[in-house]
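> Structure file structure_27.cif (mmCIF, C-alpha atoms (C1' of nucleotides)) is given on the next line.
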data_work
#
loop_
_atom_site.label_atom_id
_atom_site.label_comp_id
_atom_site.auth_asym_id
_atom_site.auth_seq_id
_atom_site.Cartn_x
_atom_site.Cartn_y
_atom_site.Cartn_z
CA MET L 143 -1.64 -6.95 -21.80
CA SER L 144 1.93 -6.82 -20.57
CA VAL L 145 1.19 -6.19 -16.89
CA PRO L 146 -1.44 -8.55 -15.49
CA LEU L 147 -4.51 -6.70 -14.39
CA TYR L 148 -4.31 -7.89 -10.80
CA GLN L 149 -0.85 -6.42 -10.57
CA ALA L 150 -2.01 -3.09 -11.95
CA LYS L 151 -4.80 -3.18 -9.40
CA ALA L 152 -2.35 -3.78 -6.60
CA GLU L 153 -0.25 -0.84 -7.78
CA PHE L 154 -3.34 1.28 -7.86
CA PHE L 155 -4.36 0.42 -4.31
CA LYS L 156 -0.81 0.95 -3.17
CA THR L 157 -1.11 4.49 -4.44
CA LEU L 158 -4.07 4.99 -2.14
CA GLY L 159 -2.27 3.45 0.80
CA HIS L 160 -1.03 6.56 2.50
CA PRO L 161 -2.96 8.87 4.83
CA ALA L 162 -1.74 12.07 3.21
CA ARG L 163 -2.71 10.84 -0.23
CA ILE L 164 -6.17 9.94 0.99
CA ARG L 165 -6.56 13.40 2.51
CA ILE L 166 -5.40 15.02 -0.70
CA LEU L 167 -7.89 13.07 -2.78
CA GLU L 168 -10.68 13.85 -0.36
CA LEU L 169 -9.93 17.56 -0.44
CA LEU L 170 -9.50 17.59 -4.21
CA SER L 171 -12.75 15.76 -4.76
CA GLU L 172 -14.50 18.64 -3.00
CA ARG L 173 -12.85 21.21 -5.24
CA ASP L 174 -9.51 22.08 -6.83
CA HIS L 175 -6.81 23.27 -4.44
CA ALA L 176 -3.51 25.07 -4.76
CA VAL L 177 -0.61 23.38 -3.01
CA HIS L 178 -0.46 25.96 -0.23
CA GLU L 179 -4.16 25.44 0.43
CA LEU L 180 -3.61 21.74 0.84
CA LEU L 181 -0.72 22.60 3.09
CA ASP L 182 -3.08 24.58 5.33
CA ARG L 183 -5.39 21.63 5.70
CA ILE L 184 -2.92 18.77 5.99
CA ASP L 185 -0.32 18.60 8.72
CA ILE L 186 2.76 17.74 6.72
CA GLU L 187 6.00 19.30 5.46
CA PRO L 188 5.87 21.01 2.07
CA SER L 189 8.44 18.66 0.61
CA SER L 190 6.53 15.66 1.84
CA LEU L 191 3.30 16.97 0.36
CA SER L 192 5.05 17.59 -2.90
CA GLN L 193 6.28 14.03 -2.90
CA GLN L 194 2.85 12.58 -2.27
CA LEU L 195 1.41 14.77 -4.99
CA ALA L 196 4.07 13.42 -7.31
CA VAL L 197 2.94 9.88 -6.53
CA LEU L 198 -0.65 10.77 -7.37
CA ARG L 199 0.45 12.52 -10.55
CA ARG L 200 2.43 9.49 -11.68
CA THR L 201 -0.67 7.34 -11.40
CA SER L 202 -2.66 9.95 -13.31
CA LEU L 203 -5.08 10.34 -10.44
CA VAL L 204 -4.51 14.09 -10.28
CA THR L 205 -3.24 16.77 -12.63
CA SER L 206 -1.53 20.05 -11.89
CA THR L 207 -1.68 23.40 -13.63
CA ARG L 208 0.40 26.44 -12.96
CA VAL L 209 -1.79 29.49 -12.40
CA GLY L 210 0.37 32.52 -11.90
CA GLY L 211 2.36 32.04 -8.75
CA GLU L 212 0.59 28.89 -7.62
CA VAL L 213 0.12 25.33 -8.76
CA VAL L 214 -3.44 24.08 -8.72
CA TYR L 215 -4.26 20.40 -8.47
CA SER L 216 -7.43 18.63 -9.52
CA VAL L 217 -8.59 15.02 -9.59
CA SER L 218 -8.52 13.69 -13.10
CA VAL L 219 -10.59 10.60 -12.37
CA PRO L 220 -13.90 11.62 -10.76
CA GLU L 221 -14.81 7.99 -9.98
CA VAL L 222 -12.18 8.07 -7.26
CA ARG L 223 -14.79 9.69 -5.11
CA ASP L 224 -17.02 6.61 -5.38
CA LEU L 225 -14.10 4.44 -4.47
CA LEU L 226 -13.41 6.43 -1.33
CA LEU L 227 -17.07 6.23 -0.39
CA ALA L 228 -17.11 2.47 -0.96
CA ALA L 229 -14.04 2.15 1.23
CA ARG L 230 -15.72 4.14 3.96
CA ARG L 231 -18.76 1.87 3.86
CA ILE L 232 -16.67 -1.27 4.09
CA LEU L 233 -14.53 0.19 6.82
CA SER L 234 -17.52 1.27 8.88
CA GLY L 235 -18.87 -2.25 8.61
CA ILE L 236 -15.61 -3.76 9.79
CA ILE L 237 -15.18 -1.30 12.63
CA ALA L 238 -18.75 -1.81 13.77
CA ALA L 239 -18.26 -5.57 13.75
CA GLN L 240 -15.07 -5.26 15.75
CA GLY L 241 -16.86 -3.05 18.22
CA GLU L 242 -19.55 -5.67 18.74
CA LEU L 243 -16.98 -8.38 19.17
CA GLU L 244 -15.16 -6.29 21.72
CA SER L 245 -18.21 -5.59 23.84
CA GLU L 246 -19.09 -9.27 23.66
CA LEU L 247 -15.75 -10.23 25.09
CA SER L 248 -15.87 -7.57 27.76
CA PRO L 249 -19.50 -6.48 28.33
CA THR L 250 -18.73 -3.78 30.88
CA ALA L 251 -15.74 -1.95 29.48
CA GLY L 252 -13.65 -1.75 26.34
CA SER L 253 -9.96 -2.60 26.63
CA MET H 88 -12.42 8.09 17.26
CA SER H 89 -8.82 7.38 18.19
CA VAL H 90 -7.56 6.65 14.70
CA PRO H 91 -8.60 9.26 12.14
CA LEU H 92 -10.77 7.80 9.43
CA TYR H 93 -8.42 8.78 6.64
CA GLN H 94 -5.66 6.84 8.32
CA ALA H 95 -7.84 3.77 8.66
CA LYS H 96 -8.68 4.12 4.98
CA ALA H 97 -5.02 4.27 4.06
CA GLU H 98 -4.39 1.12 6.09
CA PHE H 99 -7.24 -0.55 4.35
CA PHE H 100 -5.97 0.29 0.88
CA LYS H 101 -2.51 -0.75 1.89
CA THR H 102 -3.94 -4.16 2.64
CA LEU H 103 -5.15 -4.35 -0.95
CA GLY H 104 -1.80 -3.21 -2.30
CA HIS H 105 -0.26 -6.54 -3.14
CA PRO H 106 -0.88 -8.65 -6.25
CA ALA H 107 -1.23 -11.91 -4.34
CA ARG H 108 -3.76 -10.42 -1.97
CA ILE H 109 -5.78 -9.09 -4.90
CA ARG H 110 -5.75 -12.53 -6.51
CA ILE H 111 -6.81 -14.14 -3.27
CA LEU H 112 -9.74 -11.78 -2.86
CA GLU H 113 -10.78 -12.26 -6.46
CA LEU H 114 -10.74 -16.03 -6.12
CA LEU H 115 -12.49 -15.96 -2.78
CA SER H 116 -15.19 -13.67 -4.04
CA GLU H 117 -16.05 -16.36 -6.60
CA ARG H 118 -16.33 -19.03 -3.92
CA ASP H 119 -14.61 -20.28 -0.78
CA HIS H 120 -11.24 -21.95 -1.29
CA ALA H 121 -8.99 -24.19 0.75
CA VAL H 122 -5.39 -23.02 0.98
CA HIS H 123 -4.09 -25.72 -1.34
CA GLU H 124 -6.67 -24.71 -3.94
CA LEU H 125 -5.44 -21.13 -3.81
CA LEU H 126 -1.96 -22.50 -4.09
CA ASP H 127 -2.91 -24.22 -7.34
CA ARG H 128 -4.17 -20.98 -8.82
CA ILE H 129 -1.58 -18.52 -7.55
CA ASP H 130 2.08 -18.82 -8.35
CA ILE H 131 3.63 -18.31 -4.93
CA GLU H 132 5.33 -20.24 -2.14
CA PRO H 133 3.07 -21.81 0.48
CA SER H 134 4.65 -19.83 3.27
CA SER H 135 4.25 -16.63 1.33
CA LEU H 136 0.60 -17.36 0.66
CA SER H 137 0.10 -18.05 4.32
CA GLN H 138 1.65 -14.72 5.13
CA GLN H 139 -0.62 -12.84 2.77
CA LEU H 140 -3.63 -14.67 4.12
CA ALA H 141 -2.57 -13.61 7.58
CA VAL H 142 -2.54 -9.97 6.45
CA LEU H 143 -6.06 -10.31 5.10
CA ARG H 144 -7.19 -12.04 8.29
CA ARG H 145 -5.77 -9.25 10.46
CA THR H 146 -7.84 -6.72 8.55
CA SER H 147 -10.89 -8.96 8.91
CA LEU H 148 -11.34 -9.13 5.17
CA VAL H 149 -11.33 -12.92 5.21
CA THR H 150 -11.98 -15.64 7.76
CA SER H 151 -10.65 -19.16 7.96
CA THR H 152 -12.22 -22.38 9.18
CA ARG H 153 -10.59 -25.69 9.67
CA VAL H 154 -12.48 -28.42 7.85
CA GLY H 155 -10.90 -31.77 8.53
CA GLY H 156 -7.43 -31.70 7.10
CA GLU H 157 -7.79 -28.42 5.27
CA VAL H 158 -8.28 -24.77 6.07
CA VAL H 159 -10.98 -23.03 4.10
CA TYR H 160 -10.99 -19.29 3.58
CA SER H 161 -13.92 -17.03 2.74
CA VAL H 162 -14.39 -13.29 2.31
CA SER H 163 -16.10 -11.84 5.32
CA VAL H 164 -16.97 -8.54 3.67
CA PRO H 165 -18.91 -9.16 0.45
CA GLU H 166 -18.72 -5.49 -0.57
CA VAL H 167 -15.07 -6.05 -1.36
CA ARG H 168 -16.22 -7.39 -4.67
CA ASP H 169 -17.78 -4.03 -5.56
CA LEU H 170 -14.57 -2.32 -4.58
CA LEU H 171 -12.53 -4.51 -6.89
CA LEU H 172 -14.96 -3.87 -9.71
CA ALA H 173 -14.81 -0.12 -9.11
CA ALA H 174 -11.04 -0.31 -9.18
CA ARG H 175 -11.15 -2.17 -12.46
CA ARG H 176 -13.38 0.49 -13.98
CA ILE H 177 -11.13 3.33 -12.88
CA LEU H 178 -8.05 1.48 -14.00
CA SER H 179 -9.49 0.74 -17.43
CA GLY H 180 -10.27 4.41 -17.79
CA ILE H 181 -6.75 5.42 -16.90
CA ILE H 182 -5.16 2.82 -19.14
CA ALA H 183 -7.41 3.77 -22.04
CA ALA H 184 -6.53 7.44 -21.57
CA GLN H 185 -2.83 6.63 -21.51
CA GLY H 186 -3.27 4.58 -24.66
CA GLU H 187 -4.89 7.51 -26.43
CA LEU H 188 -2.18 9.84 -25.30
CA GLU H 189 0.44 7.45 -26.54
CA SER H 190 -1.04 7.10 -30.02
CA GLU H 191 -1.42 10.85 -30.17
CA LEU H 192 2.25 11.32 -29.54
CA SER H 193 3.22 8.62 -31.99
CA PRO H 194 0.38 8.07 -34.48
CA THR H 195 1.96 5.18 -36.35
CA ALA H 196 3.43 2.99 -33.62
CA GLY H 197 3.45 2.62 -29.85
CA SER H 198 6.80 3.01 -28.11
"C1'" DT G 11 1.31 -44.60 16.71
"C1'" DC G 12 3.68 -42.86 12.98
"C1'" DA G 13 4.30 -40.95 8.51
"C1'" DC G 14 2.36 -37.66 5.47
"C1'" DG G 15 -0.14 -33.87 3.60
"C1'" DA G 16 -1.78 -29.28 4.74
"C1'" DC G 17 -0.63 -25.08 6.84
"C1'" DT G 18 1.60 -21.71 9.84
"C1'" DT G 19 5.43 -19.45 12.13
"C1'" DG G 20 10.09 -17.59 12.76
"C1'" DA G 21 14.13 -15.61 11.12
"C1'" DT G 22 16.58 -12.89 7.94
"C1'" DA G 23 18.40 -10.62 3.90
"C1'" DA G 24 16.90 -7.63 0.16
"C1'" DA G 25 13.92 -4.25 -1.64
"C1'" DG G 26 10.81 -0.56 -1.21
"C1'" DT G 27 8.82 3.66 1.34
"C1'" DG G 28 8.47 7.79 3.99
"C1'" DT G 29 10.57 11.90 6.46
"C1'" DG G 30 12.98 16.14 7.05
"C1'" DC G 31 16.57 19.20 5.70
"C1'" DA G 32 18.91 21.85 2.39
"C1'" DA G 33 19.26 23.56 -2.05
"C1'" DC G 34 17.06 25.00 -6.31
"C1'" DT G 35 13.53 26.84 -9.84
"C1'" DG G 36 9.91 29.85 -11.16
"C1'" DT G 37 6.70 34.11 -10.11
"C1'" DT G 38 5.21 38.25 -8.38
"C1'" DC G 39 5.62 42.78 -6.90
"C1'" DA G 40 7.84 46.68 -4.61
"C1'" DT V 148 16.71 44.10 -9.67
"C1'" DG V 149 16.03 41.55 -5.75
"C1'" DA V 150 13.29 40.08 -1.67
"C1'" DA V 151 9.70 36.96 -0.68
"C1'" DC V 152 6.54 33.41 -1.81
"C1'" DA V 153 5.20 28.90 -3.85
"C1'" DG V 154 6.74 24.44 -5.06
"C1'" DT V 155 9.91 20.80 -6.30
"C1'" DT V 156 14.02 17.93 -6.07
"C1'" DG V 157 18.05 15.47 -4.05
"C1'" DC V 158 19.64 13.05 -0.22
"C1'" DA V 159 20.58 10.37 3.82
"C1'" DC V 160 18.54 7.84 7.48
"C1'" DA V 161 14.95 5.10 9.67
"C1'" DC V 162 11.34 1.98 9.00
"C1'" DT V 163 8.35 -1.44 6.69
"C1'" DT V 164 7.32 -5.03 3.58
"C1'" DT V 165 8.38 -9.08 1.01
"C1'" DA V 166 10.49 -13.55 -0.37
"C1'" DT V 167 12.55 -17.62 1.07
"C1'" DC V 168 14.25 -21.33 3.92
"C1'" DA V 169 13.89 -24.09 7.92
"C1'" DA V 170 11.26 -25.74 11.58
"C1'" DG V 171 7.00 -26.65 13.87
"C1'" DT V 172 1.72 -27.79 14.55
"C1'" DC V 173 -2.45 -30.35 13.50
"C1'" DG V 174 -5.38 -33.90 11.48
"C1'" DT V 175 -5.99 -38.37 8.96
"C1'" DG V 176 -5.44 -42.82 7.53
"C1'" DA V 177 -2.58 -47.00 7.23
#
Represent the structure of the file as structure tokens.

Amino acid sequence: MSVPLYQAKAEFFKTLGHPARIRILELLSERDHAVHELLDRIDIEPSSLSQQLAVLRRTSLVTSTRVGGEVVYSVSVPEVRDLLLAARRILSGIIAAQGELESELSPTAGS
Amino acid sequence: MSVPLYQAKAEFFKTLGHPARIRILELLSERDHAVHELLDRIDIEPSSLSQQLAVLRRTSLVTSTRVGGEVVYSVSVPEVRDLLLAARRILSGIIAAQGELESELSPTAGS
DNA sequence: TCACGACTTGATAAAGTGTGCAACTGTTCA
DNA sequence: TGAACAGTTGCACACTTTATCAAGTCGTGA
């Protein structure tokens, strides 16, 4: 392979490394959404949303279809949902551990 | 929670968004490694490695212990391994799909 | 105690990203 | 036909990340 796998992996994770893109994938893994629907749910400028959608399209994580006046997006890789769930699990673990550590250092109040 | 979960997730993925950090996590999920061992396996300057290790430490994905003259790193969140595997699966799927598309467009040779 | 190997830290230039505004394309419907 | 949506694209500016070089810390063994 021309691009080492670990580099492709890094690229892939980079794609997920933006709050708006995470939100988009979460919403799309519930059901397909038109751009203006995403816009209602995510607090972001239209042009910015469009840009983040473009990033996800480039990586083939989502696809878009024009349906009359609107453009509908859908996730093209359903396994992404598992990945987001796995991330949540790991994150919860880390946050919980940090919480414990914090209360250990300061038993009466959190800083 | 003060930081929305989707933002924490984005931060988390951002942490994984660098080839050296992926390599480090892959090596560490095989077994613990001292810094100079990682250095033997990853083509990168010592100071750069140290910097990437610092990023992983900040996110609590790895921990370090001084053992005599060397510093040994280990993954502190074993589930990371599952995440990397999941990423590989998704990535293989995408790459395979792109391969198919390519040979469809140009049945006799890849561009 | 001093030199050396093993790491980390600081500083900085170069490269990469994200944001918001303005302009532009494509559709619908009155 | 043209006003009004629905989206996308082009830019310029601010910000972040990364690579590299130099300097510094911490043990260990001669």
> Could you list, as a PyMOL selection string, every residue of chain G that has an atom within 10 Å of an atom of chain L, counting only C-alpha atoms (C1' of nucleotides)?
chain G and resi 28-31+36-38
> Mind telling me what the PyMOL selection byres ((chain V) within 10 of (chain H)) catches here, as a ChimeraX atom specification?
/V:165-168,173-175
> Might you spell out which residues the PyMOL selection byres ((chain L) within 6 of (chain H)) would select in the displayed file, as a PyMOL selection string?
chain L and resi 148-149+152+155-156+158-161
> Those residues you just picked out, can you put them in a file as a tab-separated table (two decimals), in the coordinates of the input with C-alpha atoms?

chain	number	residue	atom	x	y	z
L	148	TYR	CA	-4.31	-7.89	-10.80
L	149	GLN	CA	-0.85	-6.42	-10.57
L	152	ALA	CA	-2.35	-3.78	-6.60
L	155	PHE	CA	-4.36	0.42	-4.31
L	156	LYS	CA	-0.81	0.95	-3.17
L	158	LEU	CA	-4.07	4.99	-2.14
L	159	GLY	CA	-2.27	3.45	0.80
L	160	HIS	CA	-1.03	6.56	2.50
L	161	PRO	CA	-2.96	8.87	4.83
> Report, in Å to a single decimal, how far apart atom CA of Leu191 of chain L and atom CA of Leu170 of chain L are.
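Interatomic distance here is 13.6 Å.
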> Evaluate the PyMOL selection byres ((chain G and resi 27) around 10) against this structure - the residues, as an MDAnalysis selection string, please.
(chainID G and resid 25:26 28:29) or (chainID V and resid 162:164)
> What would the file look like if the residues just selected were written as an mmCIF file, in the coordinates of the input with C-alpha atoms (C1' of nucleotides)?

data_model
loop_
_atom_site.group_PDB
_atom_site.id
_atom_site.type_symbol
_atom_site.label_atom_id
_atom_site.label_comp_id
_atom_site.auth_asym_id
_atom_site.auth_seq_id
_atom_site.Cartn_x
_atom_site.Cartn_y
_atom_site.Cartn_z
ATOM 1 C "C1'" DA G 25 13.920 -4.250 -1.640
ATOM 2 C "C1'" DG G 26 10.810 -0.560 -1.210
ATOM 3 C "C1'" DG G 28 8.470 7.790 3.990
ATOM 4 C "C1'" DT G 29 10.570 11.900 6.460
ATOM 5 C "C1'" DC V 162 11.340 1.980 9.000
ATOM 6 C "C1'" DT V 163 8.350 -1.440 6.690
ATOM 7 C "C1'" DT V 164 7.320 -5.030 3.580
#
> Quick one: distance from atom CA of Ala141 of chain H to atom CA of Ser116 of chain H in Å, one decimal?
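Atom CA of Ser116 of chain H lies at a distance of 17.2 Å from atom CA of Ala141 of chain H.
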> Tell me, in Å to one decimal, how far atom CA of Ile129 of chain H is from atom C1' of DA16 of chain G.
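Atom C1' of DA16 of chain G lies 16.3 Å from atom CA of Ile129 of chain H.
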> Nearest residue to DG15 of chain G out of V:DA170, V:DC160, V:DG176, V:DT148, using only C-alpha atoms (C1' of nucleotides)?
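Smallest separation from DG15 of chain G among the options: V:DG176.
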> Determine, counting all atoms listed in the file, which protein, DNA and RNA residues have an atom within 12 Å of an atom of DG149 of chain V; residues of the same chain fewer than 2 positions away are not included. Present the result as a ChimeraX atom specification.
/G:38-40 /V:151
> Around all of segment 161-174 of chain V's listed atoms, make the axis-aligned box with 6 Å on each side and tell me centre and edge lengths in Å to one decimal, as lines of an AutoDock Vina configuration file.

center_x = 4.8
center_y = -14.4
center_z = 7.1
size_x = 32.3
size_y = 51.0
size_z = 26.9
> Compile the contact shell of DA33 of chain G as a list in words: residues with an atom at most 12 Å away, counting all atoms listed in the file, same-chain residues fewer than 4 positions apart removed.
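Using all atoms listed in the file, the neighbours found are DT155, DT156, DG157 and DC158 of chain V.
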> In terms of the shortest atom-to-atom distance over all atoms listed in the file, which of L:Ile166, L:Tyr215, L:Arg223, L:Ser206 is closest to Asp185 of chain L?
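Of L:Ile166, L:Tyr215, L:Arg223, L:Ser206, the one nearest Asp185 of chain L, counting all atoms listed in the file, is L:Ile166.
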